[in-house]
file data-v2.tsv (TSV, C-alpha atoms)
chain	number	residue	atom	x	y	z
I	97	MET	CA	90.48	128.60	83.90
I	98	ASN	CA	93.66	130.64	84.15
I	99	LEU	CA	96.50	129.79	86.49
I	100	LEU	CA	95.64	132.38	89.14
I	101	GLU	CA	92.08	131.06	89.37
I	102	ILE	CA	93.41	127.53	89.81
I	103	ILE	CA	95.75	128.73	92.58
I	104	LYS	CA	92.86	130.48	94.32
I	105	GLU	CA	90.91	127.23	94.58
I	106	PRO	CA	91.65	125.09	97.67
I	107	TRP	CA	94.70	122.92	96.88
I	108	PRO	CA	94.27	119.13	96.92
I	109	TRP	CA	96.20	116.99	99.40
I	110	TYR	CA	98.40	115.46	96.71
I	111	VAL	CA	99.74	118.91	95.87
I	112	ALA	CA	100.04	120.26	99.44
I	113	GLY	CA	101.53	117.13	101.03
I	114	PRO	CA	104.48	116.73	98.64
I	115	LEU	CA	105.19	120.49	98.82
I	116	ILE	CA	105.36	120.23	102.62
I	117	GLY	CA	107.55	117.14	102.34
I	118	LEU	CA	109.93	119.05	100.06
I	119	THR	CA	110.56	121.53	102.87
I	120	VAL	CA	112.68	118.81	104.52
I	121	PRO	CA	115.37	118.60	101.79
I	122	ILE	CA	115.13	122.33	100.99
I	123	LEU	CA	116.04	123.33	104.58
I	124	LEU	CA	118.79	120.71	104.74
I	125	ILE	CA	120.32	121.76	101.44
I	126	ILE	CA	120.14	125.53	101.88
I	127	GLY	CA	121.68	125.52	105.35
I	128	ASN	CA	121.83	122.15	107.16
I	129	LYS	CA	118.64	122.93	109.07
I	130	SER	CA	116.34	120.21	110.35
I	131	PHE	CA	112.69	121.03	109.80
I	132	GLY	CA	110.86	121.81	113.03
I	133	ILE	CA	108.54	124.61	114.01
I	134	SER	CA	107.67	124.26	117.70
I	135	SER	CA	111.28	125.00	118.64
I	136	SER	CA	110.56	128.59	117.55
I	137	LEU	CA	108.45	128.90	120.73
I	138	ARG	CA	111.48	127.86	122.78
I	139	HIS	CA	113.68	130.40	121.01
I	140	ILE	CA	111.13	133.13	121.74
I	141	CYS	CA	111.28	132.15	125.44
I	142	ALA	CA	115.08	132.12	125.34
I	143	ALA	CA	115.18	135.52	123.66
I	144	CYS	CA	112.48	137.29	125.68
I	145	ILE	CA	111.89	135.57	129.04
I	146	PRO	CA	114.83	133.24	129.86
I	147	ALA	CA	114.37	133.93	133.63
I	148	ASN	CA	117.58	132.07	134.45
I	149	ILE	CA	115.97	128.73	133.52
I	150	SER	CA	118.65	126.38	132.22
I	151	PHE	CA	116.39	125.11	129.42
I	152	PHE	CA	116.42	128.62	127.93
I	153	LYS	CA	120.10	129.35	128.42
I	154	TYR	CA	121.64	128.74	125.03
I	155	ASP	CA	122.69	130.77	122.04
I	156	TRP	CA	119.23	131.31	120.52
I	157	LYS	CA	120.74	133.69	117.96
I	158	LYS	CA	122.33	130.68	116.27
I	159	GLU	CA	118.81	129.33	115.82
I	160	SER	CA	117.37	132.62	114.61
I	161	TRP	CA	116.81	131.06	111.16
I	162	ASN	CA	113.84	129.34	112.82
I	163	LEU	CA	112.34	132.70	113.78
I	164	PHE	CA	112.78	134.00	110.23
I	165	PHE	CA	111.07	130.82	109.05
I	166	VAL	CA	107.99	131.25	111.27
I	167	PHE	CA	107.81	134.96	110.47
I	168	GLY	CA	107.72	133.84	106.83
I	169	ILE	CA	104.81	131.50	107.63
I	170	PHE	CA	102.97	134.49	109.09
I	171	LEU	CA	103.67	136.56	105.95
I	172	GLY	CA	102.65	133.60	103.78
I	173	GLY	CA	99.34	133.55	105.65
I	174	ILE	CA	98.79	137.21	104.82
I	175	ILE	CA	99.64	136.72	101.14
I	176	ALA	CA	97.42	133.66	100.80
I	177	ALA	CA	94.51	135.29	102.60
I	178	TYR	CA	94.59	138.65	100.83
I	179	LEU	CA	95.98	137.92	97.36
I	180	LEU	CA	95.11	134.28	96.73
I	181	ALA	CA	91.89	133.96	98.74
I	182	ASN	CA	89.28	131.41	97.85
I	183	PRO	CA	86.04	133.43	97.50
I	184	ASN	CA	83.84	130.53	98.58
I	185	PRO	CA	83.08	129.33	102.12
I	186	VAL	CA	85.14	126.41	103.45
I	187	GLU	CA	83.62	123.13	102.34
I	188	ILE	CA	83.12	120.80	105.25
I	189	THR	CA	81.64	117.34	105.46
I	190	PRO	CA	77.87	117.21	106.11
I	191	GLN	CA	78.36	115.13	109.30
I	192	LEU	CA	80.65	117.75	110.83
I	193	SER	CA	78.39	120.57	109.70
I	194	GLU	CA	75.42	118.89	111.40
I	195	GLN	CA	77.34	118.17	114.63
I	196	LEU	CA	78.65	121.71	114.89
I	197	ALA	CA	75.23	123.19	114.20
I	198	SER	CA	73.96	121.41	117.32
I	199	TYR	CA	76.49	123.51	119.30
I	200	GLY	CA	75.45	126.69	117.53
I	201	ILE	CA	78.51	126.75	115.28
I	202	THR	CA	77.26	127.55	111.80
I	203	ASP	CA	79.70	130.12	110.39
I	204	HIS	CA	81.86	128.41	107.76
I	205	SER	CA	82.98	131.59	106.05
I	206	GLY	CA	86.53	131.41	107.43
I	207	LEU	CA	89.04	128.65	108.09
I	208	LEU	CA	88.21	128.87	111.80
I	209	PRO	CA	84.67	129.11	113.17
I	210	LYS	CA	84.05	132.65	114.42
I	211	GLU	CA	81.79	131.37	117.20
I	212	LEU	CA	84.85	129.81	118.84
I	213	PHE	CA	87.84	131.88	117.73
I	214	SER	CA	87.10	135.56	118.14
I	215	TRP	CA	87.81	138.28	120.71
I	216	GLU	CA	84.18	138.09	121.93
I	217	SER	CA	84.50	134.34	122.39
I	218	LEU	CA	87.75	134.71	124.38
I	219	PHE	CA	85.76	136.08	127.33
I	220	THR	CA	83.42	133.08	127.49
I	221	LEU	CA	84.33	129.85	129.28
I	222	ARG	CA	84.15	127.88	126.02
I	223	GLY	CA	86.28	130.36	124.12
I	224	PHE	CA	88.81	130.60	126.95
I	225	ILE	CA	89.31	126.82	126.93
I	226	MET	CA	89.60	126.71	123.12
I	227	ILE	CA	91.97	129.65	122.79
I	228	VAL	CA	94.01	129.78	126.00
I	229	VAL	CA	93.99	126.25	127.43
I	230	GLY	CA	94.35	124.74	123.95
I	231	GLY	CA	97.32	126.96	123.17
I	232	PHE	CA	98.98	126.13	126.49
I	233	LEU	CA	98.65	122.39	125.78
I	234	VAL	CA	100.18	122.87	122.33
I	235	GLY	CA	103.17	124.75	123.74
I	236	PHE	CA	103.73	122.51	126.76
I	237	GLY	CA	103.01	119.25	124.94
I	238	THR	CA	105.23	119.88	121.92
I	239	ARG	CA	108.21	120.83	124.04
I	240	TYR	CA	107.70	117.91	126.43
I	241	ALA	CA	107.47	115.63	123.38
I	242	GLY	CA	110.54	117.31	121.86
I	243	GLY	CA	108.76	118.31	118.68
I	244	CYS	CA	105.49	118.76	116.84
I	245	THR	CA	103.95	117.59	113.61
I	246	SER	CA	106.82	119.06	111.61
I	247	GLY	CA	109.71	118.02	113.86
I	248	HIS	CA	108.51	114.50	114.66
I	249	ALA	CA	105.78	113.42	112.21
I	250	ILE	CA	107.50	114.81	109.12
I	251	MET	CA	111.21	115.40	109.84
I	252	GLY	CA	111.70	112.59	112.36
I	253	ILE	CA	109.84	109.92	110.42
I	254	SER	CA	111.55	111.08	107.20
I	255	ASN	CA	114.80	110.22	108.93
I	256	LEU	CA	113.31	106.88	110.05
I	257	GLN	CA	113.52	107.71	113.77
I	258	TRP	CA	111.31	105.38	115.81
I	259	PRO	CA	110.91	107.81	118.76
I	260	SER	CA	109.28	110.18	116.29
I	261	LEU	CA	106.85	107.47	115.24
I	262	VAL	CA	105.97	106.92	118.92
I	263	ALA	CA	105.43	110.67	119.34
I	264	THR	CA	103.28	110.87	116.21
I	265	ILE	CA	101.10	107.95	117.33
I	266	CYS	CA	100.63	109.70	120.69
I	267	PHE	CA	99.71	112.98	118.95
I	268	MET	CA	97.02	111.09	117.04
I	269	ILE	CA	95.74	109.18	120.11
I	270	GLY	CA	95.51	112.46	122.05
I	271	GLY	CA	93.68	114.09	119.15
I	272	PHE	CA	91.21	111.21	118.81
I	273	ILE	CA	90.45	111.23	122.54
I	274	MET	CA	89.98	114.99	122.64
I	275	ALA	CA	87.96	115.38	119.43
I	276	ASN	CA	85.61	112.47	120.08
I	277	LEU	CA	85.33	112.13	123.85
I	278	ILE	CA	86.11	115.48	125.49
I	279	LEU	CA	85.57	118.26	122.96
I	280	PRO	CA	81.79	117.61	122.69
I	281	TYR	CA	81.49	118.62	126.37
I	282	ILE	CA	83.59	121.75	125.82
I	283	LEU	CA	81.57	122.76	122.75
I	284	ALA	CA	78.35	122.29	124.70
I	285	LEU	CA	79.44	124.85	127.34
M	165	MET	CA	125.11	120.37	119.86
M	166	ASN	CA	127.34	122.11	122.32
M	167	ASN	CA	125.39	125.32	122.13
M	168	LEU	CA	122.22	123.60	123.26
M	169	GLU	CA	123.42	121.54	126.15
M	170	ASN	CA	119.93	120.78	127.37
M	171	LYS	CA	118.85	119.62	124.00
M	172	ASN	CA	120.13	116.06	124.00
M	173	THR	CA	116.61	114.67	124.02
M	174	ASP	CA	115.19	117.57	122.09
M	175	THR	CA	116.72	117.96	118.68
M	176	GLU	CA	113.85	119.59	116.89
M	177	GLY	CA	114.51	122.32	114.39
M	178	ILE	CA	118.23	122.01	114.76
M	179	ASN	CA	120.85	124.09	113.07
M	180	ALA	CA	123.66	121.65	112.27
M	181	SER	CA	125.58	124.20	110.29
M	182	GLN	CA	128.89	125.45	111.64
M	183	LEU	CA	128.62	128.54	109.48
M	184	LYS	CA	127.32	131.71	110.98
M	185	ASP	CA	124.11	132.93	109.39
M	186	SER	CA	124.14	136.61	108.66
M	187	GLY	CA	120.94	138.61	108.63
M	188	LEU	CA	120.92	138.45	104.87
M	189	SER	CA	121.40	134.69	104.62
M	190	ASN	CA	118.50	134.25	107.03
M	191	LEU	CA	116.27	135.79	104.38
M	192	LYS	CA	116.21	132.51	102.51
M	193	TYR	CA	114.45	130.90	105.49
M	194	LEU	CA	111.97	133.75	105.42
M	195	LEU	CA	111.25	132.91	101.77
M	196	VAL	CA	110.83	129.18	102.50
M	197	GLY	CA	108.52	130.18	105.37
M	198	ILE	CA	106.41	132.37	103.09
M	199	PHE	CA	106.05	129.53	100.61
M	200	PHE	CA	105.17	127.19	103.44
M	201	GLY	CA	102.59	129.59	104.89
M	202	ILE	CA	100.89	129.89	101.51
M	203	VAL	CA	100.67	126.09	101.23
M	204	PHE	CA	99.21	125.91	104.77
M	205	VAL	CA	96.46	128.36	103.95
M	206	LYS	CA	95.69	127.28	100.39
M	207	ALA	CA	95.41	123.61	101.34
M	208	GLU	CA	93.30	124.65	104.37
M	209	ILE	CA	95.62	122.69	106.67
M	210	ILE	CA	95.28	125.55	109.14
M	211	SER	CA	91.53	125.09	109.20
M	212	TRP	CA	89.98	123.97	112.48
M	213	PHE	CA	87.34	122.16	110.44
M	214	ARG	CA	89.92	120.00	108.60
M	215	ILE	CA	91.48	118.93	111.92
M	216	GLN	CA	88.08	117.95	113.35
M	217	GLU	CA	87.36	115.92	110.19
M	218	MET	CA	90.71	114.19	110.57
M	219	PHE	CA	90.22	113.21	114.20
M	220	GLN	CA	86.64	112.14	113.61
M	221	LEU	CA	87.68	110.06	110.57
M	222	GLN	CA	85.28	111.98	108.36
M	223	SER	CA	87.76	112.88	105.68
M	224	PHE	CA	90.91	111.42	104.15
M	225	PHE	CA	92.32	114.87	103.35
M	226	MET	CA	94.73	115.45	106.28
M	227	TYR	CA	95.92	111.83	106.16
M	228	GLY	CA	96.71	112.38	102.49
M	229	VAL	CA	98.61	115.59	103.28
M	230	ILE	CA	100.69	114.18	106.14
M	231	GLY	CA	101.17	110.79	104.46
M	232	SER	CA	102.40	112.21	101.15
M	233	ALA	CA	104.60	114.75	102.97
M	234	VAL	CA	106.24	111.89	104.89
M	235	VAL	CA	106.74	109.83	101.71
M	236	VAL	CA	108.43	112.76	99.96
M	237	GLY	CA	110.48	113.45	103.12
M	238	VAL	CA	111.65	109.82	103.47
M	239	ILE	CA	112.66	109.62	99.80
M	240	SER	CA	114.46	112.99	99.97
M	241	VAL	CA	116.44	112.09	103.10
M	242	GLN	CA	117.39	108.70	101.61
M	243	ILE	CA	118.60	110.40	98.42
M	244	ILE	CA	120.61	112.93	100.44
M	245	LYS	CA	122.26	110.15	102.45
M	246	ARG	CA	122.80	107.75	99.55
M	247	PHE	CA	124.41	110.32	97.29
M	248	ASN	CA	126.07	112.21	100.13
M	249	ILE	CA	124.54	115.46	98.94
M	250	LYS	CA	126.12	118.59	100.43
M	251	THR	CA	124.55	121.89	101.38
M	252	ILE	CA	124.84	124.83	98.98
M	253	HIS	CA	127.80	125.93	101.13
M	254	GLY	CA	129.53	122.57	100.64
M	255	GLU	CA	128.93	121.31	104.18
M	256	LYS	CA	128.07	117.70	104.93
M	257	ILE	CA	124.38	117.41	105.77
M	258	GLU	CA	123.84	116.27	109.35
M	259	ILE	CA	120.58	115.20	110.91
M	260	GLN	CA	120.50	114.71	114.67
M	261	PRO	CA	118.89	111.42	115.73
M	262	LYS	CA	115.80	111.62	117.95
M	263	VAL	CA	116.38	110.17	121.39
M	264	PHE	CA	113.48	108.37	123.03
M	265	SER	CA	112.03	109.78	126.23
M	266	LYS	CA	108.73	109.25	128.02
M	267	GLY	CA	108.02	112.84	127.10
M	268	GLN	CA	107.18	111.68	123.62
M	269	ILE	CA	104.28	109.74	125.15
M	270	TYR	CA	103.04	112.16	127.83
M	271	GLY	CA	103.89	115.31	125.91
M	272	GLY	CA	102.65	113.75	122.70
M	273	LEU	CA	99.24	113.05	124.24
M	274	MET	CA	99.06	116.59	125.63
M	275	PHE	CA	99.93	118.09	122.28
M	276	GLY	CA	97.29	115.84	120.67
M	277	PHE	CA	94.69	117.28	123.06
M	278	GLY	CA	95.79	120.81	122.22
M	279	TRP	CA	95.88	120.09	118.50
M	280	ALA	CA	92.28	118.84	118.50
M	281	ILE	CA	91.10	121.83	120.58
M	282	THR	CA	92.84	124.64	118.70
M	283	GLY	CA	92.94	122.91	115.32
M	284	ALA	CA	96.54	124.00	115.05
M	285	CYS	CA	100.07	122.83	115.49
M	286	PRO	CA	102.64	125.55	116.16
M	287	GLY	CA	103.23	126.28	112.45
M	288	PRO	CA	99.60	126.89	111.53
M	289	LEU	CA	99.23	129.28	114.49
M	290	PHE	CA	101.51	131.77	112.71
M	291	ALA	CA	99.62	131.34	109.43
M	292	GLN	CA	96.22	131.69	111.14
M	293	ILE	CA	97.29	135.04	112.58
M	294	GLY	CA	98.44	136.05	109.09
M	295	THR	CA	95.03	135.31	107.63
M	296	GLY	CA	93.59	137.91	109.99
M	297	VAL	CA	92.23	135.85	112.89
M	298	THR	CA	93.95	138.16	115.36
M	299	VAL	CA	92.66	136.43	118.50
M	300	ILE	CA	95.06	133.56	117.70
M	301	VAL	CA	97.80	135.88	119.00
M	302	VAL	CA	96.42	134.88	122.41
M	303	THR	CA	96.71	131.17	121.51
M	304	LEU	CA	100.30	131.77	120.42
M	305	LEU	CA	101.15	133.66	123.62
M	306	SER	CA	99.57	130.84	125.60
M	307	ALA	CA	101.64	128.29	123.65
M	308	ILE	CA	104.77	130.32	124.46
M	309	ALA	CA	103.69	130.33	128.10
M	310	GLY	CA	103.22	126.54	127.92
M	311	THR	CA	106.73	126.12	126.50
M	312	TRP	CA	108.11	128.40	129.21
M	313	PHE	CA	106.28	126.48	131.94
M	314	TYR	CA	107.71	123.24	130.57
M	315	GLY	CA	111.19	124.74	130.82
M	316	LEU	CA	110.47	125.74	134.41
M	317	ILE	CA	109.29	122.32	135.65
M	318	LYS	CA	111.19	120.13	133.18
M	319	ASP	CA	113.40	118.46	135.79
M	320	LYS	CA	110.41	117.39	137.87
M	321	LEU	CA	108.72	115.62	134.96
M	322	PRO	CA	109.26	111.97	134.00
M	323	HIS	CA	111.45	111.68	130.91

call {"tool": "encode", "arguments": {"input": "data-v2.tsv", "output": "structure tokens"}}
result
Amino acid sequence: MNLLEIIKEPWPWYVAGPLIGLTVPILLIIGNKSFGISSSLRHICAACIPANISFFKYDWKKESWNLFFVFGIFLGGIIAAYLLANPNPVEITPQLSEQLASYGITDHSGLLPKELFSWESLFTLRGFIMIVVGGFLVGFGTRYAGGCTSGHAIMGISNLQWPSLVATICFMIGGFIMANLILPYILAL
Amino acid sequence: MNNLENKNTDTEGINASQLKDSGLSNLKYLLVGIFFGIVFVKAEIISWFRIQEMFQLQSFFMYGVIGSAVVVGVISVQIIKRFNIKTIHGEKIEIQPKVFSKGQIYGGLMFGFGWAITGACPGPLFAQIGTGVTVIVVTLLSAIAGTWFYGLIKDKLPH
């Protein structure tokens, strides 16, 4: 197997995890930047719709590196999807496959199920909750918590900050409650 | 952080550098972002399916990703502190401490709900759009609206 074919296969966790972890020292060393992605949403608010809200009145241009960073993530997504794409469907565990099939979700051709995340789905109650309400919770929750998986779970814990551990535990508790207790009702809509 | 006076409890993604970034020097963050986006997609971290498997304890994969990322992060930060490593511009590396607030509990739970629904944290949203799932632009706009709404009612919330 040549190198490009190996790269096109899905990468194992022990390759992806350390590469993500390395982002922490890379950002610190190239410019004294603390890793954190959800703050980009705040900078977009500050740049586009500050509306005289004090939380958005700051020099967002000084933080514009963060916007370059997330624009890079977007470009990375394009490169990975169009140049390095895995030709096979996403492999998922049989239990999940079976569960989802009972809600009519059987398309595993992409990284997101098309039955839930598509423009047609957006105009159904189920799709609206998944796409719009879910997104709102991500934006509101991360800012209220002062960070997301990158800012708290990775950067904060890397710097041994206990508030970040508290935040991470709450992210996980929220995720467990939603995925196991609430989401089944949403998927059944 | 005098330029972010409201940020005393919110130090995420902070620029501790006193140097002014020019447009050109910002390109290096674009490159790191591209690299990061490729990792997100190729390891399928941006997959809704992987997040469901994580929260339903059906797969070790995401725990392995986050766990090994944290281990590498902890070791890196300790090395930087122990050896007093400077930035490429010769500045002392500064990392703002995280200040506890109740927001980390309430906001954390809310983000957890959103994470399990959308299968995405803020970073993966950008990568998902890149892979061609254009409807995620709506999720991103909604996340921006959520952030904005937080800014609007922030002072009325328990912290």

call {"tool": "closest_residue", "arguments": {"input": "data-v2.tsv", "among": "M:Pro288, M:Gly310, M:Pro261, M:Pro322", "to": "Cys141 of chain I", "atoms": "only C-alpha atoms"}}
result
M:Gly310

call {"tool": "residues_around", "arguments": {"input": "data-v2.tsv", "residues": "Gly117 of chain I", "least_positions_apart": "4", "cutoff": "10 Å", "atoms": "all atoms listed in the file", "output": "PyMOL selection string"}}
result
(chain I and resi 112-113+121-122+131+246+250-251+254) or (chain M and resi 229-240)

call {"tool": "residues_around", "arguments": {"input": "data-v2.tsv", "residues": "Ala307 of chain M", "least_positions_apart": "2", "cutoff": "8 Å", "atoms": "only C-alpha atoms", "output": "compact mmCIF listing (two decimals) with C-alpha atoms, keeping the file's coordinate frame"}}
result
# COMPACT_ATOMS: atom_id res chain seq x y z
CA LEU I 137 108.45 128.90 120.73
CA GLY I 231 97.32 126.96 123.17
CA PHE I 232 98.98 126.13 126.49
CA LEU I 233 98.65 122.39 125.78
CA VAL I 234 100.18 122.87 122.33
CA GLY I 235 103.17 124.75 123.74
CA PHE I 236 103.73 122.51 126.76
CA THR M 303 96.71 131.17 121.51
CA LEU M 304 100.30 131.77 120.42
CA LEU M 305 101.15 133.66 123.62
CA ALA M 309 103.69 130.33 128.10
CA GLY M 310 103.22 126.54 127.92
CA THR M 311 106.73 126.12 126.50

call {"tool": "residues_around", "arguments": {"input": "data-v2.tsv", "residues": "Lys256 of chain M", "least_positions_apart": "5", "cutoff": "10 Å", "atoms": "all atoms listed in the file", "output": "tab-separated table (two decimals) with C-alpha atoms, in the coordinates of the input"}}
result
chain	number	residue	atom	x	y	z
I	124	LEU	CA	118.79	120.71	104.74
I	125	ILE	CA	120.32	121.76	101.44
I	128	ASN	CA	121.83	122.15	107.16
M	180	ALA	CA	123.66	121.65	112.27
M	181	SER	CA	125.58	124.20	110.29
M	244	ILE	CA	120.61	112.93	100.44
M	245	LYS	CA	122.26	110.15	102.45
M	248	ASN	CA	126.07	112.21	100.13
M	249	ILE	CA	124.54	115.46	98.94
M	250	LYS	CA	126.12	118.59	100.43
M	251	THR	CA	124.55	121.89	101.38

call {"tool": "atom_distance", "arguments": {"input": "data-v2.tsv", "atom1": "atom CA of Ser198 of chain I", "atom2": "atom CA of Gln220 of chain M"}}
result
16.1 Å

call {"tool": "residues_around", "arguments": {"input": "data-v2.tsv", "residues": "Glu208 of chain M", "least_positions_apart": "3", "cutoff": "12 Å", "atoms": "all atoms listed in the file", "output": "PDB file with C-alpha atoms, in the coordinates of the input"}}
result
ATOM      1  CA  LYS I 104      92.860 130.480  94.320  1.00  0.00           C
ATOM      2  CA  GLU I 105      90.910 127.230  94.580  1.00  0.00           C
ATOM      3  CA  PRO I 106      91.650 125.090  97.670  1.00  0.00           C
ATOM      4  CA  TRP I 107      94.700 122.920  96.880  1.00  0.00           C
ATOM      5  CA  PRO I 108      94.270 119.130  96.920  1.00  0.00           C
ATOM      6  CA  TRP I 109      96.200 116.990  99.400  1.00  0.00           C
ATOM      7  CA  ALA I 112     100.040 120.260  99.440  1.00  0.00           C
ATOM      8  CA  GLY I 113     101.530 117.130 101.030  1.00  0.00           C
ATOM      9  CA  GLY I 173      99.340 133.550 105.650  1.00  0.00           C
ATOM     10  CA  ALA I 176      97.420 133.660 100.800  1.00  0.00           C
ATOM     11  CA  ALA I 177      94.510 135.290 102.600  1.00  0.00           C
ATOM     12  CA  ALA I 181      91.890 133.960  98.740  1.00  0.00           C
ATOM     13  CA  ASN I 182      89.280 131.410  97.850  1.00  0.00           C
ATOM     14  CA  PRO I 185      83.080 129.330 102.120  1.00  0.00           C
ATOM     15  CA  VAL I 186      85.140 126.410 103.450  1.00  0.00           C
ATOM     16  CA  GLU I 187      83.620 123.130 102.340  1.00  0.00           C
ATOM     17  CA  ILE I 188      83.120 120.800 105.250  1.00  0.00           C
ATOM     18  CA  GLY I 206      86.530 131.410 107.430  1.00  0.00           C
ATOM     19  CA  LEU I 207      89.040 128.650 108.090  1.00  0.00           C
ATOM     20  CA  LEU I 208      88.210 128.870 111.800  1.00  0.00           C
TER      21      LEU I 208
ATOM     22  CA  GLY M 201     102.590 129.590 104.890  1.00  0.00           C
ATOM     23  CA  ILE M 202     100.890 129.890 101.510  1.00  0.00           C
ATOM     24  CA  VAL M 203     100.670 126.090 101.230  1.00  0.00           C
ATOM     25  CA  PHE M 204      99.210 125.910 104.770  1.00  0.00           C
ATOM     26  CA  VAL M 205      96.460 128.360 103.950  1.00  0.00           C
ATOM     27  CA  SER M 211      91.530 125.090 109.200  1.00  0.00           C
ATOM     28  CA  TRP M 212      89.980 123.970 112.480  1.00  0.00           C
ATOM     29  CA  PHE M 213      87.340 122.160 110.440  1.00  0.00           C
ATOM     30  CA  ARG M 214      89.920 120.000 108.600  1.00  0.00           C
ATOM     31  CA  ILE M 215      91.480 118.930 111.920  1.00  0.00           C
ATOM     32  CA  PHE M 225      92.320 114.870 103.350  1.00  0.00           C
ATOM     33  CA  MET M 226      94.730 115.450 106.280  1.00  0.00           C
ATOM     34  CA  VAL M 229      98.610 115.590 103.280  1.00  0.00           C
ATOM     35  CA  GLY M 283      92.940 122.910 115.320  1.00  0.00           C
ATOM     36  CA  ALA M 284      96.540 124.000 115.050  1.00  0.00           C
ATOM     37  CA  PRO M 288      99.600 126.890 111.530  1.00  0.00           C
ATOM     38  CA  ALA M 291      99.620 131.340 109.430  1.00  0.00           C
ATOM     39  CA  GLN M 292      96.220 131.690 111.140  1.00  0.00           C
ATOM     40  CA  THR M 295      95.030 135.310 107.630  1.00  0.00           C
TER      41      THR M 295
END

call {"tool": "atom_distance", "arguments": {"input": "data-v2.tsv", "atom1": "atom CA of Leu316 of chain M", "atom2": "atom CA of Gly237 of chain I"}}
result
13.7 Å

call {"tool": "residues_around", "arguments": {"input": "data-v2.tsv", "residues": "segment 151-164 of chain I", "least_positions_apart": "2", "cutoff": "7 Å", "atoms": "all atoms listed in the file", "output": "list in words"}}
result
Ser136, His139, Cys141, Ala142, Ala143, Pro146, Ile149, Val166, Phe167 and Gly168 of chain I; Asn167, Leu168, Asn170, Asn179, Asn190, Tyr193, Leu194 and Gly315 of chain M

call {"tool": "closest_residue", "arguments": {"input": "data-v2.tsv", "among": "I:Ile269, I:Ile169, I:Met274, I:Leu192", "to": "Pro286 of chain M", "atoms": "all atoms listed in the file"}}
result
I:Ile169

call {"tool": "closest_residue", "arguments": {"input": "data-v2.tsv", "among": "I:Arg222, I:His204, I:Lys210, I:Lys129", "to": "chain M", "atoms": "all atoms listed in the file"}}
result
I:Lys129

call {"tool": "atom_distance", "arguments": {"input": "data-v2.tsv", "atom1": "atom CA of Gly243 of chain I", "atom2": "atom CA of Trp312 of chain M"}}
result
14.6 Å

call {"tool": "residues_near_point", "arguments": {"input": "data-v2.tsv", "point": "(77.2, 114.4, 117.7)", "cutoff": "12 Å", "atoms": "all atoms listed in the file", "output": "list in words"}}
result
Pro190, Gln191, Leu192, Ser193, Glu194, Gln195, Leu196, Ala197, Ser198, Tyr199, Ala275, Asn276, Leu277, Ile278, Leu279, Pro280, Tyr281, Leu283 and Ala284 of chain I; Gln220 of chain M

call {"tool": "closest_residue", "arguments": {"input": "data-v2.tsv", "among": "I:Ala263, I:Phe170, I:Cys144, I:Pro209", "to": "Val301 of chain M", "atoms": "all atoms listed in the file"}}
result
I:Phe170

call {"tool": "closest_residue", "arguments": {"input": "data-v2.tsv", "among": "I:Ile201, I:Thr220, I:Asn98, I:Ser214", "to": "chain M", "atoms": "only C-alpha atoms"}}
result
I:Ser214

call {"tool": "build_atoms", "arguments": {"input": "data-v2.tsv", "residues": "segment 153-164 of chain I", "atoms": "N, CA and C atoms", "output": "CSV table (one decimal), keeping the file's coordinate frame"}}
result
chain,number,residue,atom,x,y,z
I,153,LYS,N,118.8,128.7,128.5
I,153,LYS,CA,120.1,129.4,128.4
I,153,LYS,C,120.9,128.7,127.3
I,154,TYR,N,120.8,129.2,126.2
I,154,TYR,CA,121.6,128.7,125.0
I,154,TYR,C,121.7,129.9,124.0
I,155,ASP,N,122.5,129.7,123.0
I,155,ASP,CA,122.7,130.8,122.0
I,155,ASP,C,121.5,130.7,121.0
I,156,TRP,N,120.4,131.4,121.4
I,156,TRP,CA,119.2,131.3,120.5
I,156,TRP,C,119.5,132.0,119.2
I,157,LYS,N,120.5,132.9,119.2
I,157,LYS,CA,120.7,133.7,118.0
I,157,LYS,C,121.2,132.7,116.9
I,158,LYS,N,121.9,131.7,117.3
I,158,LYS,CA,122.3,130.7,116.3
I,158,LYS,C,121.1,130.0,115.6
I,159,GLU,N,120.0,130.0,116.3
I,159,GLU,CA,118.8,129.3,115.8
I,159,GLU,C,117.8,130.4,115.3
I,160,SER,N,118.3,131.6,115.0
I,160,SER,CA,117.4,132.6,114.6
I,160,SER,C,116.8,132.3,113.2
I,161,TRP,N,117.4,131.5,112.4
I,161,TRP,CA,116.8,131.1,111.2
I,161,TRP,C,115.4,130.6,111.4
I,162,ASN,N,115.2,129.9,112.5
I,162,ASN,CA,113.8,129.3,112.8
I,162,ASN,C,112.8,130.4,113.0
I,163,LEU,N,113.2,131.6,113.6
I,163,LEU,CA,112.3,132.7,113.8
I,163,LEU,C,112.0,133.4,112.5
I,164,PHE,N,113.0,133.5,111.6
I,164,PHE,CA,112.8,134.0,110.2
I,164,PHE,C,111.8,133.1,109.5
